[in-house]
Amino acid sequence: MPAVSKGDGMRGLAVFISDIRNCKSKEAEIKRINKELANIRSKFKGDKALDGYSKKKYVCKLLFIFLLGHDIDFGHMEAVNLLSSNKYTEKQIGYLFISVLVNSNSELIRLINNAIKNDLASRNPTFMCLALHCIANVGSREMGEAFAADIPRILVAGDSMDSVKQSAALCLLRLYKASPDLVPMGEWTARVVHLLNDQHMGVVTAAVSLITCLCKKNPDDFKTCVSLAVSRLSRIVSSASTDLQDYTYYFVPAPWLSVKLLRLLQCYPPPEDAAVKGRLVECLETVLNKAQEPPKSKKVQHSNAKNAILFETISLIIHYDSEPNLLVRACNQLGQFLQHRETNLRYLALESMCTLASSEFSHEAVKTHIDTVINALKTERDVSVRQRAADLLYAMCDRSNAKQIVSEMLRYLETADYAIREEIVLKVAILAEKYAVDYSWYVDTILNLIRIAGDYVSEEVWYRVLQIVTNRDDVQGYAAKTVFEALQAPACHENMVKVGGYILGEFGNLIAGDPRSSPPVQFSLLHSKFHLCSVATRALLLSTYIKFINLFPETKATIQGVLRAGSQLRNADVELQQRAVEYLTLSSVASTDVLATVLEEMPPFPERESSILAKLKRKKGPGAGSALDDGRRDPSSNDINGGMEPTPSTVSTPSPSADLLGLRAAPPPAAPPASAGAGNLLVDVFDGPAAQPSLGPTPEEAFLSELEPPAPESPMALLADPAPAADPGPEDIGPPIPEADELLNKFVCKNNGVLFENQLLQIGVKSEFRQNLGRMYLFYGNKTSVQFQNFSPTVVHPGDLQTHILSGPAQPPASPRRPSSPWGSRLTQLAVQTKRVAAQVDGGAQVQQVLNIECLRDFLTPPLLSVRFRYGGAPQALTLKLPVTINKFFQPTEMAAQDFFQRWKQLSLPQQEAQKIFKANHPMDAEVTKAKLLGFGSALLDNVDPNPENFVGAGIIQTKALQVGCLLRLEPNAQAQMYRLTLRTSKEPVSRHLCELLAQQF
Amino acid sequence: MIGGLFIYNHKGEVLISRVYRDDIGRNAVDAFRVNVIHARQQVRSPVTNIARTSFFHVKRSNIWLAAVTKQNVNAAMVFEFLYKMCDVMAAYFGKISEENIKNNFVLIYELLDEILDFGYPQNSETGALKTFITQQGIKSQTKEEQSQITSQVTGQIGWRREGIKYRRNELFLDVLESVNLLMSPQGQVLSAHVSGRVVMKSYLSGMPECKFGMNDKIVIEKQGKGTADETSKRCLRQESCGKQSIAIDDCTFHQCVRLSKFDSERSISFIPPDGEFELMRYRTTKDIILPFRVIPLVREVGRTKLEVKVVIKSNFKPSLLAQKIEVRIPTPLNTSGVQVICMKGKAKYKASENAIVWKIKRMAGMKESQISAEIELLPTNDKKKWARPPISMNFEVPFAPSGLKVRYLKVFEPKLNYSDHDVIKWVRYIGRSGIYETRC
């Protein structure tokens, strides 16, 4: 055997690499590689044992060849052999090969894992580090499964070297990120936190990374880290630049560690302990102070490190949002950066300021920089910076500066980058609407918007201006005049034609007095654009024409001529053709009175949330939320235009009612309020007329139909509630809605959830039962932005039950009473006590009703819940089944197998038993079945039935009058997908009823 | 039209750069280097489009020739030109190599000026070019000579100058064919074709008119119709020869051939350029004589051993001798050792090419020879099966595998006093292997 001590250099490898580098062509390189591969293969053939040095050399060559892009399918075994070597270089190459070329061969994996295990168990820190690095580099699930338990032990072991701890922390972090479920939480977590106090800065840095990641999942487990982090941070911040020798980077002490600590603190709310908090505030102040000091070095690394800490500090301050002083100081600091030479700094400053603007403490401070920001918007060379500037302008806008900001944004729009135009258009539209003091300014702004950037004006924007003009009498004349002027431009955008057509059709009469805008002039102006427009716009214009016939009878002949023209009557587009035909007939057949009724001015639109905002949110994605919430946090913004304002909660949280119920997981965020959900104006526009009883016939609707993009839900869908058209009498409860039974079934095995939901209303349920008593909370959530009036939920027992009641032994029956009485309704089987609720439910709000329930004796039909209210003037009624079933009063009973069988035999009368064999509707999962049976209320008895597949339960139904013992047995048959359910109770109807109830659950 | 022409060495350094049109900028040179020569993946397409600029390239040994254009040109024309350019350079200074190009760059620029004008290809006939582009330095030419060159280059017969005189009028004709084959392991022909060239070297005085005839099926049949009795005689004679006429699938001619005459009478008549030139190219697919048959036998013995036996049989007249025979037997990628036994020639395992190469210097017709090899394999982790690439073969035989025969080559020079009989003619047939593969 050749001497092993040849030094670290591998001559063969060096020669090989230089050969490859000297190859003149690709072909020559491939030839050389093939030759080398054949050589290595012949060496690895196994005729004679190779010494460690040559093994290492050949494995290195293979690695090099692999990195050149060739497939390597052998040599793994040799590499694994190297792992068990005691020489560092050989072990290192072995690990390198394994981590680059990991192979899923199970045999090898076992060997590799074994080698790693040995190294982890060795007391040699370098070997342990190598093994840890290998685990982290591979990071596969198998590795995680094998070692996830060992690594925490190494991490917190008292005798581990610093370097090993560091590697272990990072390795654990990697495994946790790859597959969080594999890393077991345990007592080590508490000890990990104490690593923050470690002497060695490297260990602390690694530990902070790990803790930051871990505490995102389990914030409570790591709560103690806050005070440790604060003290560590304050030690670093207050240290002189020379204190931390190795960890001082260009005169900044431990910048990476500081940034990581600050990030960690951002995972938690401000510390409650005053001492800790004081110390932290001191730290943050020190950082802000240091930013003011002259730089200690001109090097860019120095300022980078310093600024990194500063920005992280500012984001922590913003995160806490509780220290006005700090917030203002942060804002001033950022203000300095706004004019910094460095583009990156300007970008970061704008971005951070955006979030600062949303804090009430620093909003004013941010506003002082408006000129700089506007300047940035105009002169900045980098588009991403301009984008941030636009965001910030939007965020800092309030009533005082709205005009300035809107006009600046409009001016910028002319030269803006195409990528951000649509967004700016939306922002301008929103700001203009939100902060409009007088509506002529609003109309001017939007028309300007259409003029400047017509292509980027989405439908929502111009729908919105039409709504507002229609709803505001004072602005209609002005709007008509402005639109008319705008249309006179030689080239105007199609959106402008649409707006113009609509407004002139509605309010053209307001400017008809002026000879310059007399009816024929208006008509010819609109008609001159007709041929240049798309079909949708033409259709709208046709509706405008028919409206003109009503407004200005003198134009009738001209317009009929236009409608009669072959290009309309025989238009290839069926929509245009139909309109032309219908309007022509309408104008010639109907009398002026009829015309006037049919073509009446549009009724005002119901006030509701602006659909533009929803659109902007969709466009920006969830990340932009914070910047957009500004207006809502700004307390001053909610006054004059209150009606126009979006109701805060409906927009910011997708489903407020669900949140209040604490049922976040239960239903997917229910279709949010109409406008945000569909995002189109359909609902906005159509609600009004649909709810109007004096709704005009088709032309009116047709006129509107341009305003609605084809939407999946028809306008009538809103009214498709089970509410009968006629207002039901006060005592007259409608039949339960068809889905009522289905809804009820959902609650047989659970107590909380959403009982009912449609476009208007969401009803959530939360209930608890003990013995024969129960308490139920009903939550009524108004999903619209309009107030519900005369809101009255009532609980009654269906009439057909009265006979049963009479036959019952308890008190005389009480007829269902209005909820105004303290005892809502009293029944012999079930006593339900309701509390009165407010008669008005505001848009987006939620009211709660408490029901106290007492089960007097066994009952079969659940009580009914009837909800009645007026929405937008139309009465709505809704009847549901209250989710109270007999099984709610189940009391689980534990018993041994002997007892069970004894009782089972006792209840052997045929009428006491109910049995049902049915097909499974859901996948047959034992766990799910178990959960359902437990939810049903009975105790689950293990080891009772000889067949472990079967489920056996026992319980007692508690009523005031009597107690019903109940035994059940469920036998699943997985092959046939069938169940057999047997119930034995002491009362025959109860058996049958329970059997039916339970059978529906599987 | 061609906007520019670049020549690179294998490293992508520009050796020659000639731009003909303004739409080609300097960065085009770099674009080709970056995107083709230095491309991460080997670029296989000879045409590459980079930023609306088309690059057409051919590679000769380590030298890249690239023609660049922004227009929608006829790609076939561009490649024809590039190949012609290679021929011209080879005629001037031999092998196209980096060193030769560096030594002759003045000449190459001169040639590029002459054979391309504003991107349009001009006269690229070597014989004609050599009259006025020489390597001997500047030779002052008289006015007469100059005007003579002008009239020749611009005249009707641009490829031949007047007043050539030889003491011995000689003519060499080579029929060069390459035969391509793909055969199944059972000996079934999956595809086969022959592509051939007729190359001529003429040393003839004056402006001779030549006529070339071969056993083209169409010509033979046409003549057969002409005179019935003669046909029967010829048929008899042909049958006695054994080889009938051949069907040519397609052919192309040198510019000197009168195409009108070929179209009407299918006779090949021309005034040849002086020196060497390629008279025609053709391709046949029917009735090909396959000179060799390869019979492979591969047996896998367990996971670590492979036994290969290959028999080759020569399938032509015993009197003929094939030369330069080389059989290449691919080996699996995990080969760790090879033992070869062969009766004839030399065989060797070449690890760099992953193949056993078996060389035989000479082999007569109707013989057979065999090789057997034991290949040891290294067990690998991959379950990937070996793809078994085909066994390929190289050889050279002294006949035309397509069956083409030269029937006559007549020379007429009415002005000078030599006749067809005075011209010494040499005809030679060489058949080579193209891609000659048998699956195993």
# chains A, B, ... in the order shown; residues from 1 in each chain; ligands from 1

call {"tool": "interface_residues", "arguments": {"of": "chain A", "to": "chain B", "cutoff": "6 Å", "atoms": "only C-alpha atoms", "output": "list in words"}}
result
Lys31, Arg32, Asn34, Lys35, Ala38, Arg41, Ser42, Asp73 and Phe74 of chain A

call {"tool": "write_last_selection", "arguments": {"atoms": "N, CA and C atoms", "output": "compact mmCIF listing (two decimals), in the first residue's frame"}}
result
# COMPACT_ATOMS: atom_id res chain seq x y z
N LYS A 31 -14.34 13.09 -24.19
CA LYS A 31 -13.44 11.93 -24.33
C LYS A 31 -12.60 11.76 -23.07
N ARG A 32 -12.09 12.87 -22.59
CA ARG A 32 -11.24 12.80 -21.41
C ARG A 32 -12.03 12.28 -20.21
N ASN A 34 -14.77 10.41 -20.28
CA ASN A 34 -15.08 8.99 -20.45
C ASN A 34 -13.90 8.13 -20.05
N LYS A 35 -12.72 8.59 -20.44
CA LYS A 35 -11.52 7.82 -20.12
C LYS A 35 -11.35 7.75 -18.61
N ALA A 38 -13.87 5.43 -17.02
CA ALA A 38 -13.53 4.02 -17.20
C ALA A 38 -12.42 3.63 -16.24
N ARG A 41 -13.89 3.30 -12.80
CA ARG A 41 -14.68 2.08 -12.72
C ARG A 41 -13.79 0.87 -12.53
N SER A 42 -12.69 0.86 -13.30
CA SER A 42 -11.82 -0.31 -13.17
C SER A 42 -11.19 -0.35 -11.78
N ASP A 73 -23.48 7.49 -11.73
CA ASP A 73 -24.37 6.50 -11.14
C ASP A 73 -23.60 5.44 -10.36
N PHE A 74 -22.39 5.73 -9.99
CA PHE A 74 -21.68 4.78 -9.14
C PHE A 74 -20.78 5.58 -8.20

call {"tool": "residues_around", "arguments": {"residues": "Ser124 in chain B", "least_positions_apart": "4", "cutoff": "10 Å", "atoms": "only C-alpha atoms", "output": "list in words"}}
result
Phe81, Lys84, Met85, Asp87, Val88, Leu111, Leu112, Glu114, Ile115, Leu116, Ala128, Leu129, Gly158 and Trp159 of chain B

call {"tool": "select_by_dssp", "arguments": {"residues": "range 110-234 of chain B", "states": "strand (DSSP E)", "output": "count of residues only"}}
result
39

call {"tool": "residues_around", "arguments": {"residues": "Lys102 in chain B", "least_positions_apart": "5", "cutoff": "12 Å", "atoms": "only C-alpha atoms", "output": "list of chain:residue names"}}
result
B:Ile7, B:Tyr8, B:Asn9, B:Glu13, B:Val14, B:Leu15, B:Ile16, B:Ile63, B:Phe93, B:Ile96, B:Ser97, B:Leu107, B:Ile108, B:Tyr109

call {"tool": "write_last_selection", "arguments": {"atoms": "N, CA, C and O atoms", "output": "compact mmCIF listing (two decimals), in the first residue's frame"}}
result
# COMPACT_ATOMS: atom_id res chain seq x y z
N ILE B 7 -15.59 34.54 -39.05
CA ILE B 7 -14.93 33.25 -38.82
C ILE B 7 -14.35 33.29 -37.41
O ILE B 7 -13.68 34.25 -37.03
N TYR B 8 -14.67 32.25 -36.62
CA TYR B 8 -14.22 32.17 -35.24
C TYR B 8 -13.33 30.94 -35.07
O TYR B 8 -13.50 29.94 -35.79
N ASN B 9 -12.44 31.00 -34.08
CA ASN B 9 -11.75 29.77 -33.71
C ASN B 9 -12.58 29.06 -32.64
O ASN B 9 -13.65 29.53 -32.25
N GLU B 13 -12.91 33.27 -30.48
CA GLU B 13 -12.22 34.50 -30.87
C GLU B 13 -12.45 34.74 -32.37
O GLU B 13 -12.43 33.80 -33.16
N VAL B 14 -12.64 35.98 -32.71
CA VAL B 14 -12.95 36.30 -34.11
C VAL B 14 -11.65 36.33 -34.91
O VAL B 14 -10.71 37.04 -34.56
N LEU B 15 -11.62 35.54 -35.97
CA LEU B 15 -10.44 35.56 -36.84
C LEU B 15 -10.68 36.47 -38.03
O LEU B 15 -9.83 37.25 -38.41
N ILE B 16 -11.84 36.35 -38.61
CA ILE B 16 -12.19 37.15 -39.78
C ILE B 16 -13.55 37.76 -39.53
O ILE B 16 -14.47 37.06 -39.09
N ILE B 63 -13.11 25.32 -36.58
CA ILE B 63 -13.36 26.68 -37.08
C ILE B 63 -14.86 26.85 -37.35
O ILE B 63 -15.49 25.97 -37.93
N PHE B 93 -5.50 27.35 -49.74
CA PHE B 93 -4.45 27.07 -48.78
C PHE B 93 -4.62 25.73 -48.05
O PHE B 93 -4.11 25.53 -46.96
N ILE B 96 -8.59 23.82 -43.67
CA ILE B 96 -9.06 25.01 -42.98
C ILE B 96 -8.76 24.84 -41.50
O ILE B 96 -9.39 24.04 -40.81
N SER B 97 -7.75 25.55 -41.05
CA SER B 97 -7.41 25.47 -39.64
C SER B 97 -7.14 26.88 -39.15
O SER B 97 -6.98 27.81 -39.95
N LEU B 107 -5.50 37.24 -47.83
CA LEU B 107 -6.09 36.54 -48.96
C LEU B 107 -7.58 36.33 -48.75
O LEU B 107 -8.41 36.53 -49.65
N ILE B 108 -7.94 35.94 -47.52
CA ILE B 108 -9.35 35.65 -47.26
C ILE B 108 -10.20 36.91 -47.42
O ILE B 108 -11.27 36.88 -48.03
N TYR B 109 -9.68 38.03 -46.92
CA TYR B 109 -10.44 39.28 -47.10
C TYR B 109 -10.57 39.60 -48.58
O TYR B 109 -11.62 40.04 -49.04

call {"tool": "closest_residue", "arguments": {"among": "B:Lys405, B:Arg60, B:His254, B:Arg439", "to": "Arg328 in chain B", "atoms": "only C-alpha atoms"}}
result
B:Arg439

call {"tool": "select_by_dssp", "arguments": {"residues": "range 380-628 of chain A", "states": "helix (DSSP H, G or I)", "output": "ChimeraX atom specification"}}
result
/A:383-396,402-413,418-434,439-452,454-456,459-471,473-487,494-511,515-517,519-530,535-551,553-564,566-569,574-589,592-598,611-620,622-628

call {"tool": "residues_around", "arguments": {"residues": "Leu532 in chain A", "least_positions_apart": "2", "cutoff": "12 Å", "atoms": "only C-alpha atoms", "output": "PyMOL selection string"}}
result
chain A and resi 491-494+497+526-530+534-538+541

call {"tool": "write_last_selection", "arguments": {"atoms": "N, CA and C atoms", "output": "PDB file, in the first residue's frame"}}
result
ATOM      1  N   ALA A 491     -61.149  64.000 -30.152  1.00  0.00           N
ATOM      2  CA  ALA A 491     -60.992  62.566 -29.899  1.00  0.00           C
ATOM      3  C   ALA A 491     -61.240  62.345 -28.422  1.00  0.00           C
ATOM      4  N   CYS A 492     -62.232  61.581 -28.111  1.00  0.00           N
ATOM      5  CA  CYS A 492     -62.406  61.296 -26.688  1.00  0.00           C
ATOM      6  C   CYS A 492     -62.563  59.802 -26.480  1.00  0.00           C
ATOM      7  N   HIS A 493     -62.201  59.395 -25.312  1.00  0.00           N
ATOM      8  CA  HIS A 493     -62.130  57.964 -25.018  1.00  0.00           C
ATOM      9  C   HIS A 493     -63.511  57.360 -24.939  1.00  0.00           C
ATOM     10  N   GLU A 494     -63.569  56.071 -25.246  1.00  0.00           N
ATOM     11  CA  GLU A 494     -64.857  55.401 -25.258  1.00  0.00           C
ATOM     12  C   GLU A 494     -65.525  55.441 -23.887  1.00  0.00           C
ATOM     13  N   VAL A 497     -67.380  58.466 -23.662  1.00  0.00           N
ATOM     14  CA  VAL A 497     -68.634  58.408 -24.408  1.00  0.00           C
ATOM     15  C   VAL A 497     -69.699  57.697 -23.576  1.00  0.00           C
ATOM     16  N   LEU A 526     -73.466  63.238 -29.615  1.00  0.00           N
ATOM     17  CA  LEU A 526     -73.356  61.834 -29.204  1.00  0.00           C
ATOM     18  C   LEU A 526     -73.307  60.931 -30.422  1.00  0.00           C
ATOM     19  N   HIS A 527     -74.173  61.270 -31.413  1.00  0.00           N
ATOM     20  CA  HIS A 527     -74.254  60.374 -32.557  1.00  0.00           C
ATOM     21  C   HIS A 527     -72.986  60.418 -33.396  1.00  0.00           C
ATOM     22  N   SER A 528     -72.268  61.544 -33.311  1.00  0.00           N
ATOM     23  CA  SER A 528     -71.010  61.603 -34.080  1.00  0.00           C
ATOM     24  C   SER A 528     -70.005  60.597 -33.535  1.00  0.00           C
ATOM     25  N   LYS A 529     -70.143  60.217 -32.269  1.00  0.00           N
ATOM     26  CA  LYS A 529     -69.209  59.229 -31.698  1.00  0.00           C
ATOM     27  C   LYS A 529     -69.691  57.801 -31.920  1.00  0.00           C
ATOM     28  N   PHE A 530     -70.967  57.680 -32.284  1.00  0.00           N
ATOM     29  CA  PHE A 530     -71.611  56.368 -32.299  1.00  0.00           C
ATOM     30  C   PHE A 530     -70.835  55.342 -33.110  1.00  0.00           C
ATOM     31  N   SER A 534     -67.559  50.640 -29.608  1.00  0.00           N
ATOM     32  CA  SER A 534     -67.788  49.205 -29.581  1.00  0.00           C
ATOM     33  C   SER A 534     -69.270  48.925 -29.394  1.00  0.00           C
ATOM     34  N   VAL A 535     -69.625  47.661 -29.516  1.00  0.00           N
ATOM     35  CA  VAL A 535     -71.030  47.277 -29.469  1.00  0.00           C
ATOM     36  C   VAL A 535     -71.672  47.673 -28.139  1.00  0.00           C
ATOM     37  N   ALA A 536     -70.939  47.405 -27.049  1.00  0.00           N
ATOM     38  CA  ALA A 536     -71.519  47.693 -25.733  1.00  0.00           C
ATOM     39  C   ALA A 536     -71.860  49.171 -25.604  1.00  0.00           C
ATOM     40  N   THR A 537     -70.938  50.006 -26.070  1.00  0.00           N
ATOM     41  CA  THR A 537     -71.170  51.436 -25.982  1.00  0.00           C
ATOM     42  C   THR A 537     -72.326  51.844 -26.885  1.00  0.00           C
ATOM     43  N   ARG A 538     -72.391  51.246 -28.063  1.00  0.00           N
ATOM     44  CA  ARG A 538     -73.487  51.589 -28.968  1.00  0.00           C
ATOM     45  C   ARG A 538     -74.824  51.241 -28.352  1.00  0.00           C
ATOM     46  N   LEU A 541     -75.693  53.829 -26.033  1.00  0.00           N
ATOM     47  CA  LEU A 541     -76.113  55.051 -26.712  1.00  0.00           C
ATOM     48  C   LEU A 541     -77.538  54.919 -27.235  1.00  0.00           C
TER      49      LEU A 541
END

call {"tool": "atom_distance", "arguments": {"atom1": "CA of Pro923 in chain A", "atom2": "CA of Asn950 in chain A"}}
result
15.8 Å

call {"tool": "atom_distance", "arguments": {"atom1": "CA of Ala920 in chain A", "atom2": "CA of Leu882 in chain A"}}
result
25.9 Å

call {"tool": "residues_around", "arguments": {"residues": "range 413-416 of chain B", "least_positions_apart": "2", "cutoff": "10 Å", "atoms": "only C-alpha atoms", "output": "list in words"}}
result
Lys165, Leu204, Ser205, Gly206, Met207, Pro208, Glu209, Cys210, Ile271, Val411, Tyr418, Ser419 and Asp420 of chain B

call {"tool": "residues_around", "arguments": {"residues": "range 245-251 of chain A", "least_positions_apart": "3", "cutoff": "8 Å", "atoms": "only C-alpha atoms", "output": "number ranges by chain"}}
result
A: 201, 241-242, 254-255, 296-297, 299, 301-302, 305

call {"tool": "closest_residue", "arguments": {"among": "A:Ala557, A:Val884, A:Leu998, A:Ala614", "to": "Ala914 in chain A", "atoms": "only C-alpha atoms"}}
result
A:Leu998

call {"tool": "atom_distance", "arguments": {"atom1": "CA of Val29 in chain B", "atom2": "CA of Gly69 in chain A"}}
result
27.5 Å
